[in-house]
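Chemist: One structure, as structure tokens, below. Some questions next.
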Amino acid sequence: MGLGTSSVLPRTEVIFSLFKLLFYDFRSLSIYSIIKKKSQCLCVIYLRVACTLINFIVKLLRIICSSNTALPFEPSKNLTKNPMVKLFDSHCHLQDSRIYNVAPKLIQEALDTGVTHFAVNGVSEKDWYVVKEMSDRHSSIIPNFGLHPWFISERTPDWLNTLKQFLTANPCAAVGEIGLDKGSMAKHIDYTDQVEVFRLQLQLAKEFKRPASVHCVSAFGDLLEILESTGPFPAGIVLHSYIGSAEMVPEFSKLNAYFSFSGHLMSMKESKAKQMLKSVPFERILLETDAPDARPKSVDPKSLFLINESDDVEDGLSLPAESLNHPANIHHILAYVSGLLEMEEEDLARMSYENAVRVFSYESSKLVQEGEERH
Ligand SMILES: [Zn+2]
């Protein structure tokens, strides 16, 4: 039966009936129709109109409610209660003085969401002992010792020996963070010095058969040249927060480099990031947070794990505590990267986890020890 039959009613009455429907006076309207018109047929029409309207209102409400919470690249799970995936944070700085006081809390919160390990990278002689001490206290921390290009001007004449001692005394440690930086953050740092310090540390990584976590800003050509002349690297190179070109991916892959993605990826144009990601072999993808830096953008801030002002963060921060990155935000990196790769989050989590376990399973690493304890 079509809606055309409503022509038997005066126009004003139809409008009045619809108006009543909108105000959910559905029951009285039905009774009204039956009593007044004694027409079963009209009741059916009203019922249909009412159902359509209610359906429309429900759909509208759903759209309004969901638009506040579901952005395209957000993790879909209730992370804290039901960790569905295991993740490995391949590069972060939980020893950073800005978050050192709250690090045990952040580690526990991230562990609760399924993050099992954190490759914590030292950046200067001053913080190597902090990384070591945290690694001794937390089985989930993989210590990395290295001199970051931003801090080379503070190095002591004995820095290389000290680094060797740390790597010898801590066979579970990898090398990092080391690298090259031609960006604005390093414009006052002598580049020739950077190259020299970087080469020496790459040699050390080879000598100790440990992977090295590499920082590179606007110096990818030089990086490739140096890796080619220093390599091969059987223990692997972690190109941390990689935002280089797709074209260079095969060249770096030949040298046994892994590509580690963090919130910095969100600063790349999405189409360019997608093209680059699709050029990376699956067995070379890693995920990281670079926490407390690189807080993911392109994400609803309400859905991020935050470090609050009320937490015991270091006084005198140059930025508000809320702008610091939490290691549990690796779930947002997973969601973003899997979205661009058009693959399931679970599949990317599994692959990147296996890759990280491969990289960080050098002789005497904590992962090898964990494996031995299980057998
Ligand atoms: Zn870093």
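By convention here, the chains of the structure tokens are called A, B, ... in the order presented, each chain's residues are numbered starting at 1, and ligands are numbered starting at 1 in the order presented.
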List the neighbours of A:Lys206 out to 9 Å using only C-alpha atoms; skip same-chain residues closer than 3 positions along the sequence, and give me the result as a PDB file with N, CA and C atoms, in the first residue's frame.

Modeler:
ATOM      1  N   GLN A 201      80.819   5.057  16.556  1.00  0.00           N
ATOM      2  CA  GLN A 201      79.802   4.260  17.256  1.00  0.00           C
ATOM      3  C   GLN A 201      79.272   3.133  16.371  1.00  0.00           C
ATOM      4  N   LEU A 202      79.216   3.368  15.070  1.00  0.00           N
ATOM      5  CA  LEU A 202      78.808   2.287  14.163  1.00  0.00           C
ATOM      6  C   LEU A 202      79.826   1.153  14.226  1.00  0.00           C
ATOM      7  N   GLN A 203      81.107   1.545  14.260  1.00  0.00           N
ATOM      8  CA  GLN A 203      82.189   0.541  14.362  1.00  0.00           C
ATOM      9  C   GLN A 203      82.026  -0.278  15.639  1.00  0.00           C
ATOM     10  N   LYS A 209      78.733  -6.691  17.930  1.00  0.00           N
ATOM     11  CA  LYS A 209      77.643  -7.460  17.288  1.00  0.00           C
ATOM     12  C   LYS A 209      76.268  -7.111  17.903  1.00  0.00           C
ATOM     13  N   ARG A 210      76.038  -5.820  18.062  1.00  0.00           N
ATOM     14  CA  ARG A 210      74.748  -5.360  18.602  1.00  0.00           C
ATOM     15  C   ARG A 210      74.081  -4.461  17.544  1.00  0.00           C
ATOM     16  N   PRO A 211      72.755  -4.422  17.537  1.00  0.00           N
ATOM     17  CA  PRO A 211      72.075  -3.482  16.626  1.00  0.00           C
ATOM     18  C   PRO A 211      72.294  -2.035  17.069  1.00  0.00           C
ATOM     19  N   ALA A 212      72.165  -1.098  16.145  1.00  0.00           N
ATOM     20  CA  ALA A 212      72.334   0.320  16.485  1.00  0.00           C
ATOM     21  C   ALA A 212      71.086   1.097  16.073  1.00  0.00           C
ATOM     22  N   THR A 230      80.702   1.609   6.033  1.00  0.00           N
ATOM     23  CA  THR A 230      81.005   0.981   7.331  1.00  0.00           C
ATOM     24  C   THR A 230      80.454  -0.439   7.417  1.00  0.00           C
ATOM     25  N   GLY A 231      79.363  -0.713   6.673  1.00  0.00           N
ATOM     26  CA  GLY A 231      78.660  -1.996   6.781  1.00  0.00           C
ATOM     27  C   GLY A 231      79.487  -3.163   6.294  1.00  0.00           C
ATOM     28  N   PRO A 232      78.938  -4.379   6.233  1.00  0.00           N
ATOM     29  CA  PRO A 232      77.542  -4.710   6.532  1.00  0.00           C
ATOM     30  C   PRO A 232      77.258  -4.757   8.035  1.00  0.00           C
ATOM     31  N   PHE A 233      75.966  -4.834   8.365  1.00  0.00           N
ATOM     32  CA  PHE A 233      75.549  -4.840   9.771  1.00  0.00           C
ATOM     33  C   PHE A 233      74.688  -6.076  10.048  1.00  0.00           C
ATOM     34  N   PRO A 234      75.339  -7.200  10.290  1.00  0.00           N
ATOM     35  CA  PRO A 234      74.548  -8.422  10.502  1.00  0.00           C
ATOM     36  C   PRO A 234      73.596  -8.312  11.689  1.00  0.00           C
ATOM     37  N   ALA A 235      73.943  -7.487  12.689  1.00  0.00           N
ATOM     38  CA  ALA A 235      73.063  -7.354  13.863  1.00  0.00           C
ATOM     39  C   ALA A 235      71.927  -6.364  13.613  1.00  0.00           C
TER      40      ALA A 235
END

Chemist: How would you report the residues lying within 7 Å of ligand 1, as a ChimeraX atom specification, if you count only C-alpha atoms and all ligand atoms?

Modeler: /A:91-93,121,177,215,290

Chemist: In Å, how far is it from atom CA of A:Ala173 to atom CA of A:Arg155?

Modeler: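 Rounded to one decimal, the two atoms are 20.3 Å apart.
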
Chemist: Could you list, as a PDB file with N, CA and C atoms, in the first residue's frame, every residue within 9 Å of A:Lys366, counting only C-alpha atoms and ignoring same-chain residues fewer than 3 positions away?

Modeler:
ATOM      1  N   SER A 139      62.577  -5.698  33.843  1.00  0.00           N
ATOM      2  CA  SER A 139      62.944  -6.727  32.860  1.00  0.00           C
ATOM      3  C   SER A 139      62.443  -6.364  31.463  1.00  0.00           C
ATOM      4  N   SER A 140      61.458  -5.480  31.382  1.00  0.00           N
ATOM      5  CA  SER A 140      60.892  -5.114  30.077  1.00  0.00           C
ATOM      6  C   SER A 140      61.753  -4.094  29.324  1.00  0.00           C
ATOM      7  N   ILE A 141      62.763  -3.534  30.002  1.00  0.00           N
ATOM      8  CA  ILE A 141      63.594  -2.501  29.346  1.00  0.00           C
ATOM      9  C   ILE A 141      64.825  -3.108  28.693  1.00  0.00           C
ATOM     10  N   ILE A 142      64.977  -2.827  27.395  1.00  0.00           N
ATOM     11  CA  ILE A 142      66.187  -3.216  26.666  1.00  0.00           C
ATOM     12  C   ILE A 142      67.070  -1.962  26.649  1.00  0.00           C
ATOM     13  N   CYS A 172      73.550  -7.212  27.651  1.00  0.00           N
ATOM     14  CA  CYS A 172      72.157  -7.182  27.173  1.00  0.00           C
ATOM     15  C   CYS A 172      71.842  -5.874  26.443  1.00  0.00           C
ATOM     16  N   ALA A 173      72.838  -4.968  26.347  1.00  0.00           N
ATOM     17  CA  ALA A 173      72.558  -3.642  25.762  1.00  0.00           C
ATOM     18  C   ALA A 173      72.849  -3.566  24.270  1.00  0.00           C
ATOM     19  N   PHE A 360      66.275  -7.528  18.443  1.00  0.00           N
ATOM     20  CA  PHE A 360      66.795  -7.426  19.811  1.00  0.00           C
ATOM     21  C   PHE A 360      67.116  -8.790  20.429  1.00  0.00           C
ATOM     22  N   SER A 361      67.341  -9.795  19.585  1.00  0.00           N
ATOM     23  CA  SER A 361      67.723 -11.120  20.101  1.00  0.00           C
ATOM     24  C   SER A 361      69.192 -11.423  19.846  1.00  0.00           C
ATOM     25  N   TYR A 362      70.063 -10.431  19.947  1.00  0.00           N
ATOM     26  CA  TYR A 362      71.506 -10.665  19.823  1.00  0.00           C
ATOM     27  C   TYR A 362      71.969 -11.458  21.044  1.00  0.00           C
ATOM     28  N   GLU A 363      73.164 -11.984  20.939  1.00  0.00           N
ATOM     29  CA  GLU A 363      73.688 -12.824  22.018  1.00  0.00           C
ATOM     30  C   GLU A 363      73.631 -12.078  23.361  1.00  0.00           C
ATOM     31  N   GLN A 369      67.729 -14.369  26.968  1.00  0.00           N
ATOM     32  CA  GLN A 369      67.661 -14.879  28.347  1.00  0.00           C
ATOM     33  C   GLN A 369      66.240 -15.332  28.708  1.00  0.00           C
ATOM     34  N   GLU A 370      65.250 -14.521  28.302  1.00  0.00           N
ATOM     35  CA  GLU A 370      63.841 -14.880  28.578  1.00  0.00           C
ATOM     36  C   GLU A 370      63.511 -16.210  27.923  1.00  0.00           C
ATOM     37  N   GLY A 371      63.990 -16.377  26.670  1.00  0.00           N
ATOM     38  CA  GLY A 371      63.743 -17.622  25.929  1.00  0.00           C
ATOM     39  C   GLY A 371      64.369 -18.818  26.647  1.00  0.00           C
TER      40      GLY A 371
END

Chemist: Enter the distance from atom CA of A:Glu270 to atom CA of A:Gly114, in Å, rounded to one decimal.

Modeler: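 Distance reported for this atom pair: 27.3 Å.
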